[in-house]
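**Student:** My questions all concern the structure below.
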Amino acid sequence: MIPADLSTLDDIAEAVHPSHPEDTTVFAERLRLYPEGCHVLERDRAIAGYVISHPWSGAPPALNTLINELPPAPTTYYVHDLALLPSARGNGAGAAIVGRLIDHARQTGCATVSLVAVNGSAPFWHKLGFIRTTEESLREKLKGYGDDAVLMRARIST
Ligand SMILES: CC(C)(COP(=O)(O)OP(=O)(O)OC[C@H]1O[C@@H](n2cnc3c(N)ncnc32)[C@H](O)[C@@H]1OP(=O)(O)O)[C@@H](O)C(=O)NCCC(=O)NCCS
């Protein structure tokens with residue numbers, strides 16, 4: 001992903017996550033802070049999906065919020081957003097990029113990969129080894145993500 005991709009990300013986010021709007025500044029900040037964790041999927045020379053991720057520590061950041069900096073001692077690798085246009089789904093691209101992120105997360109030394117599953121995507125994540133976390137204190141943080149939000153985590157060996 002490069003900064004010039006951000007306007008297309010906005011369009012995809014609006015189409016895929018209408019109930020979870022985020023400002024371009026949020027995407028731009030994550031790309032600036034951690035470009036290694038930001039990727040786009042190209043189909044027929046057009047961007048058809050994206051993922052944003054970065055090392056993190058503690059509870060998930062609130063939706064549509066700047067984090068200003070990455071934690072000095074990250075404990076989890078956080079998948080902020082994964083969104084594919086409908087035309088790009090069902091061909092293994094989602095599973096493939098998550099596999100690459102997990103490989104990358106191992107190199108960061110994080111013990112887990114975590115995310116907030118929305119849009120009924122929890123079964124997809126479950127197939128890839130993520131389980132729902134039961135920590136009540138973290139669940140409280142999910143309220144801004146909507147009623148179907150589920151915090152999920154995969155333990156990875158480093
Ligand atoms: C969720 C999403 C990333 C999946 O990407 P994808 O490329 O379509 O998924 P894949 O083709 O790699 O599927 C991998 C496996 O998960 C399954 N799967 C995919 N989406 C699923 C879903 N919503 N529910 C249940 N299973 C799902 C597939 O059937 C496949 O199973 P298999 O290995 O047994 O064949 C994509 O559908 C998407 O962008 N959805 C809208 C945005 C979204 O919900 N993002 C996640 C927010 S946290």
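In the structure tokens, chains take letters A, B, ... by order of appearance, with residues numbered from 1 within each chain and ligands from 1 in the order shown.
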Quick one: residues within 7 Å of region 104-111 of chain A, only C-alpha atoms counted, chain neighbours fewer than 6 positions away excluded, as a PyMOL selection string?
**Tutor:** chain A and resi 74-77+155-158
**Student:** Near Met152 (chain A), counting only C-alpha atoms, which residues have an atom at most 10 Å away, once you skip same-chain residues fewer than 6 positions from it, shown as a list of chain:residue names?
**Tutor:**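 So, after excluding close chain neighbours, the residues are A:Val113, A:Ser114, A:Leu115, A:Val116, A:Ala117, A:Ala122, A:Trp125, A:His126, A:Gly129, A:Phe130, A:Ile131, A:Arg132, A:Thr133, A:Thr134.
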**Student:** Restricted to all heavy atoms, what would the selected residues look like written as a CSV table (one decimal), in the first residue's frame?
**Tutor:**
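Once written, again-v6.csv looks like this:
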```csv
chain,number,residue,atom,x,y,z
A,113,VAL,N,-2.0,-12.9,17.6
A,113,VAL,CA,-2.5,-12.0,16.6
A,113,VAL,C,-4.0,-11.8,17.0
A,113,VAL,O,-4.7,-12.7,17.4
A,113,VAL,CB,-2.5,-12.6,15.2
A,113,VAL,CG1,-3.2,-11.7,14.1
A,113,VAL,CG2,-1.1,-12.9,14.7
A,114,SER,N,-4.5,-10.5,17.0
A,114,SER,CA,-5.8,-10.3,17.5
A,114,SER,C,-6.5,-9.3,16.5
A,114,SER,O,-5.9,-8.6,15.7
A,114,SER,CB,-5.8,-9.7,18.9
A,114,SER,OG,-5.0,-8.6,19.0
A,115,LEU,N,-7.8,-9.3,16.7
A,115,LEU,CA,-8.7,-8.5,15.9
A,115,LEU,C,-10.1,-8.4,16.4
A,115,LEU,O,-10.5,-9.2,17.3
A,115,LEU,CB,-8.8,-9.0,14.4
A,115,LEU,CG,-9.3,-10.5,14.4
A,115,LEU,CD1,-10.8,-10.5,13.9
A,115,LEU,CD2,-8.4,-11.3,13.5
A,116,VAL,N,-10.8,-7.4,15.9
A,116,VAL,CA,-12.3,-7.3,16.3
A,116,VAL,C,-13.0,-7.8,15.0
A,116,VAL,O,-13.0,-7.1,14.0
A,116,VAL,CB,-12.7,-5.9,16.6
A,116,VAL,CG1,-14.2,-5.9,16.9
A,116,VAL,CG2,-11.9,-5.4,17.8
A,117,ALA,N,-13.7,-8.9,15.1
A,117,ALA,CA,-14.4,-9.4,14.0
A,117,ALA,C,-15.8,-8.8,13.9
A,117,ALA,O,-16.5,-8.7,14.9
A,117,ALA,CB,-14.6,-11.0,14.1
A,122,ALA,N,-16.8,-13.8,12.0
A,122,ALA,CA,-16.1,-14.6,13.0
A,122,ALA,C,-15.9,-16.0,12.5
A,122,ALA,O,-14.8,-16.6,12.7
A,122,ALA,CB,-17.0,-14.6,14.3
A,125,TRP,N,-12.6,-16.2,10.6
A,125,TRP,CA,-11.4,-16.1,11.4
A,125,TRP,C,-11.3,-17.4,12.2
A,125,TRP,O,-10.1,-17.8,12.4
A,125,TRP,CB,-11.6,-14.9,12.4
A,125,TRP,CG,-11.6,-13.6,11.7
A,125,TRP,CD1,-12.7,-12.8,11.5
A,125,TRP,CD2,-10.5,-12.9,11.0
A,125,TRP,NE1,-12.3,-11.7,10.7
A,125,TRP,CE2,-11.0,-11.7,10.4
A,125,TRP,CE3,-9.1,-13.2,10.8
A,125,TRP,CZ2,-10.2,-10.8,9.7
A,125,TRP,CZ3,-8.3,-12.4,10.1
A,125,TRP,CH2,-8.8,-11.2,9.6
A,126,HIS,N,-12.4,-18.0,12.6
A,126,HIS,CA,-12.3,-19.2,13.4
A,126,HIS,C,-11.6,-20.3,12.5
A,126,HIS,O,-10.8,-21.1,13.0
A,126,HIS,CB,-13.7,-19.7,13.8
A,126,HIS,CG,-13.7,-20.8,14.7
A,126,HIS,ND1,-13.2,-20.7,16.0
A,126,HIS,CD2,-14.0,-22.1,14.5
A,126,HIS,CE1,-13.3,-21.9,16.6
A,126,HIS,NE2,-13.8,-22.8,15.7
A,129,GLY,N,-7.9,-20.2,12.8
A,129,GLY,CA,-7.3,-20.5,14.0
A,129,GLY,C,-7.5,-19.5,15.1
A,129,GLY,O,-6.9,-19.5,16.2
A,130,PHE,N,-8.4,-18.5,14.9
A,130,PHE,CA,-8.7,-17.5,15.9
A,130,PHE,C,-9.9,-18.0,16.8
A,130,PHE,O,-10.8,-18.6,16.3
A,130,PHE,CB,-9.1,-16.2,15.2
A,130,PHE,CG,-7.9,-15.5,14.5
A,130,PHE,CD1,-7.5,-15.9,13.3
A,130,PHE,CD2,-7.3,-14.4,15.1
A,130,PHE,CE1,-6.4,-15.3,12.6
A,130,PHE,CE2,-6.2,-13.8,14.5
A,130,PHE,CZ,-5.8,-14.3,13.2
A,131,ILE,N,-9.8,-17.7,18.0
A,131,ILE,CA,-10.9,-18.0,18.9
A,131,ILE,C,-11.3,-16.7,19.7
A,131,ILE,O,-10.6,-15.8,19.8
A,131,ILE,CB,-10.5,-19.1,20.0
A,131,ILE,CG1,-9.2,-18.7,20.7
A,131,ILE,CG2,-10.3,-20.4,19.3
A,131,ILE,CD1,-8.9,-19.6,21.9
A,132,ARG,N,-12.6,-16.8,20.1
A,132,ARG,CA,-13.2,-15.6,20.8
A,132,ARG,C,-12.5,-15.5,22.1
A,132,ARG,O,-12.3,-16.5,22.8
A,132,ARG,CB,-14.6,-15.9,21.0
A,132,ARG,CG,-15.5,-15.8,19.8
A,132,ARG,CD,-16.9,-16.2,20.2
A,132,ARG,NE,-17.7,-16.2,18.9
A,132,ARG,CZ,-18.9,-15.7,18.8
A,132,ARG,NH1,-19.4,-15.0,19.8
A,132,ARG,NH2,-19.5,-15.7,17.6
A,133,THR,N,-12.1,-14.3,22.5
A,133,THR,CA,-11.5,-14.1,23.8
A,133,THR,C,-12.6,-13.9,24.8
A,133,THR,O,-13.7,-13.4,24.5
A,133,THR,CB,-10.5,-12.9,23.8
A,133,THR,OG1,-10.2,-12.6,25.2
A,133,THR,CG2,-11.1,-11.7,23.2
A,134,THR,N,-12.4,-14.3,26.0
A,134,THR,CA,-13.4,-14.2,27.1
A,134,THR,C,-13.1,-13.1,28.1
A,134,THR,O,-13.8,-13.1,29.1
A,134,THR,CB,-13.5,-15.6,27.8
A,134,THR,OG1,-12.2,-15.9,28.2
A,134,THR,CG2,-14.0,-16.7,26.8
```
**Student:** Using only C-alpha atoms and all ligand atoms, which protein or nucleic acid residues are at most 10 Å from ligand 1, as a ChimeraX atom specification?
**Tutor:** /A:12-13,15-17,20,48-51,79-99,115-128,149-152
**Student:** Using the chain letters and numbers from this document, which residues of chain A does DSSP assign to strand (DSSP E or B), as an NGL selection string?
**Tutor:** :A and (38-43 or 46-56 or 76-84 or 112-117 or 131-132 or 150-155)
**Student:** Deliver the residues from the most recent selection as a file, using N, CA and C atoms, as a compact mmCIF listing (two decimals), in the first residue's frame.
**Tutor:**
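Everything below was put into again-v6.txt:
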```txt
# COMPACT_ATOMS: atom_id res chain seq x y z
N CYS A 38 0.52 -2.98 5.90
CA CYS A 38 -0.57 -2.45 5.06
C CYS A 38 -0.38 -2.93 3.63
N HIS A 39 -1.40 -3.59 3.10
CA HIS A 39 -1.31 -4.18 1.75
C HIS A 39 -2.60 -3.97 1.00
N VAL A 40 -2.47 -3.90 -0.33
CA VAL A 40 -3.68 -3.89 -1.16
C VAL A 40 -3.69 -5.14 -2.03
N LEU A 41 -4.88 -5.54 -2.42
CA LEU A 41 -5.07 -6.65 -3.35
C LEU A 41 -5.44 -6.06 -4.70
N GLU A 42 -4.69 -6.42 -5.73
CA GLU A 42 -5.01 -5.93 -7.08
C GLU A 42 -5.70 -7.01 -7.89
N ARG A 43 -6.77 -6.61 -8.58
CA ARG A 43 -7.46 -7.49 -9.51
C ARG A 43 -7.69 -6.69 -10.79
N ALA A 46 -6.82 -3.02 -10.74
CA ALA A 46 -7.53 -2.11 -9.82
C ALA A 46 -7.46 -2.70 -8.41
N ILE A 47 -7.51 -1.81 -7.44
CA ILE A 47 -7.47 -2.27 -6.05
C ILE A 47 -8.84 -2.85 -5.69
N ALA A 48 -8.83 -4.10 -5.22
CA ALA A 48 -10.08 -4.79 -4.90
C ALA A 48 -10.17 -5.16 -3.43
N GLY A 49 -9.19 -4.75 -2.65
CA GLY A 49 -9.22 -5.05 -1.22
C GLY A 49 -7.98 -4.51 -0.54
N TYR A 50 -8.04 -4.51 0.77
CA TYR A 50 -6.89 -4.02 1.53
C TYR A 50 -6.86 -4.66 2.91
N VAL A 51 -5.70 -4.60 3.51
CA VAL A 51 -5.57 -4.98 4.92
C VAL A 51 -4.66 -3.97 5.60
N ILE A 52 -5.02 -3.65 6.84
CA ILE A 52 -4.21 -2.74 7.67
C ILE A 52 -3.95 -3.47 8.99
N SER A 53 -2.70 -3.50 9.41
CA SER A 53 -2.35 -4.23 10.63
C SER A 53 -1.07 -3.64 11.22
N HIS A 54 -0.86 -3.91 12.50
CA HIS A 54 0.35 -3.37 13.14
C HIS A 54 0.53 -4.01 14.51
N PRO A 55 1.73 -3.99 15.03
CA PRO A 55 1.95 -4.47 16.39
C PRO A 55 1.18 -3.60 17.38
N TRP A 56 0.72 -4.21 18.48
CA TRP A 56 -0.09 -3.46 19.42
C TRP A 56 0.07 -4.05 20.81
N THR A 76 0.77 -8.01 21.04
CA THR A 76 -0.07 -8.69 20.07
C THR A 76 0.07 -8.01 18.72
N TYR A 77 -0.16 -8.77 17.66
CA TYR A 77 -0.15 -8.19 16.33
C TYR A 77 -1.61 -7.98 15.94
N TYR A 78 -1.99 -6.73 15.72
CA TYR A 78 -3.40 -6.38 15.59
C TYR A 78 -3.80 -6.18 14.13
N VAL A 79 -4.83 -6.90 13.71
CA VAL A 79 -5.38 -6.72 12.36
C VAL A 79 -6.49 -5.67 12.47
N HIS A 80 -6.18 -4.49 12.02
CA HIS A 80 -7.12 -3.37 12.17
C HIS A 80 -8.31 -3.53 11.23
N ASP A 81 -8.06 -3.92 9.99
CA ASP A 81 -9.15 -4.02 9.01
C ASP A 81 -8.71 -4.89 7.84
N LEU A 82 -9.60 -5.76 7.44
CA LEU A 82 -9.40 -6.56 6.22
C LEU A 82 -10.70 -6.45 5.44
N ALA A 83 -10.65 -5.93 4.24
CA ALA A 83 -11.88 -5.73 3.46
C ALA A 83 -11.61 -6.02 1.99
N LEU A 84 -12.39 -6.94 1.44
CA LEU A 84 -12.32 -7.25 0.02
C LEU A 84 -13.66 -6.88 -0.61
N THR A 112 0.66 -13.25 20.06
CA THR A 112 -0.68 -13.48 19.52
C THR A 112 -0.95 -12.55 18.34
N VAL A 113 -1.97 -12.92 17.56
CA VAL A 113 -2.55 -12.02 16.56
C VAL A 113 -3.98 -11.79 17.02
N SER A 114 -4.45 -10.55 16.99
CA SER A 114 -5.81 -10.29 17.48
C SER A 114 -6.54 -9.33 16.55
N LEU A 115 -7.84 -9.30 16.71
CA LEU A 115 -8.68 -8.46 15.85
C LEU A 115 -10.09 -8.38 16.43
N VAL A 116 -10.83 -7.42 15.94
CA VAL A 116 -12.26 -7.33 16.26
C VAL A 116 -13.01 -7.79 15.02
N ALA A 117 -13.67 -8.92 15.12
CA ALA A 117 -14.42 -9.45 13.98
C ALA A 117 -15.79 -8.77 13.92
N ILE A 131 -9.76 -17.66 18.03
CA ILE A 131 -10.86 -18.00 18.93
C ILE A 131 -11.34 -16.73 19.65
N ARG A 132 -12.59 -16.79 20.06
CA ARG A 132 -13.15 -15.64 20.78
C ARG A 132 -12.46 -15.49 22.12
N VAL A 150 -16.82 -9.10 17.82
CA VAL A 150 -16.26 -10.17 18.64
C VAL A 150 -14.74 -10.01 18.64
N LEU A 151 -14.17 -9.96 19.84
CA LEU A 151 -12.71 -9.91 19.92
C LEU A 151 -12.15 -11.32 19.76
N MET A 152 -11.23 -11.48 18.81
CA MET A 152 -10.69 -12.82 18.55
C MET A 152 -9.17 -12.78 18.57
N ARG A 153 -8.61 -13.94 18.89
CA ARG A 153 -7.16 -13.97 19.07
C ARG A 153 -6.62 -15.34 18.64
N ALA A 154 -5.48 -15.33 18.01
CA ALA A 154 -4.79 -16.59 17.69
C ALA A 154 -3.42 -16.56 18.35
N ARG A 155 -3.09 -17.63 19.04
CA ARG A 155 -1.76 -17.73 19.65
C ARG A 155 -0.80 -18.23 18.57
```
**Student:** What parts of chain A does DSSP call helix (DSSP H, G or I)? I'd like the answer as a ChimeraX atom specification.
**Tutor:** /A:3-16,24-33,35-37,86-88,93-108,122-127,136-140,143-145
**Student:** Given only C-alpha atoms as the basis, pick out the residue of A:Glu135, A:Asp10, A:Asp148, A:Asp44 nearest to Thr25 (chain A).
**Tutor:**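 Looking at the shortest contact to Thr25 (chain A), the residue is A:Asp10.
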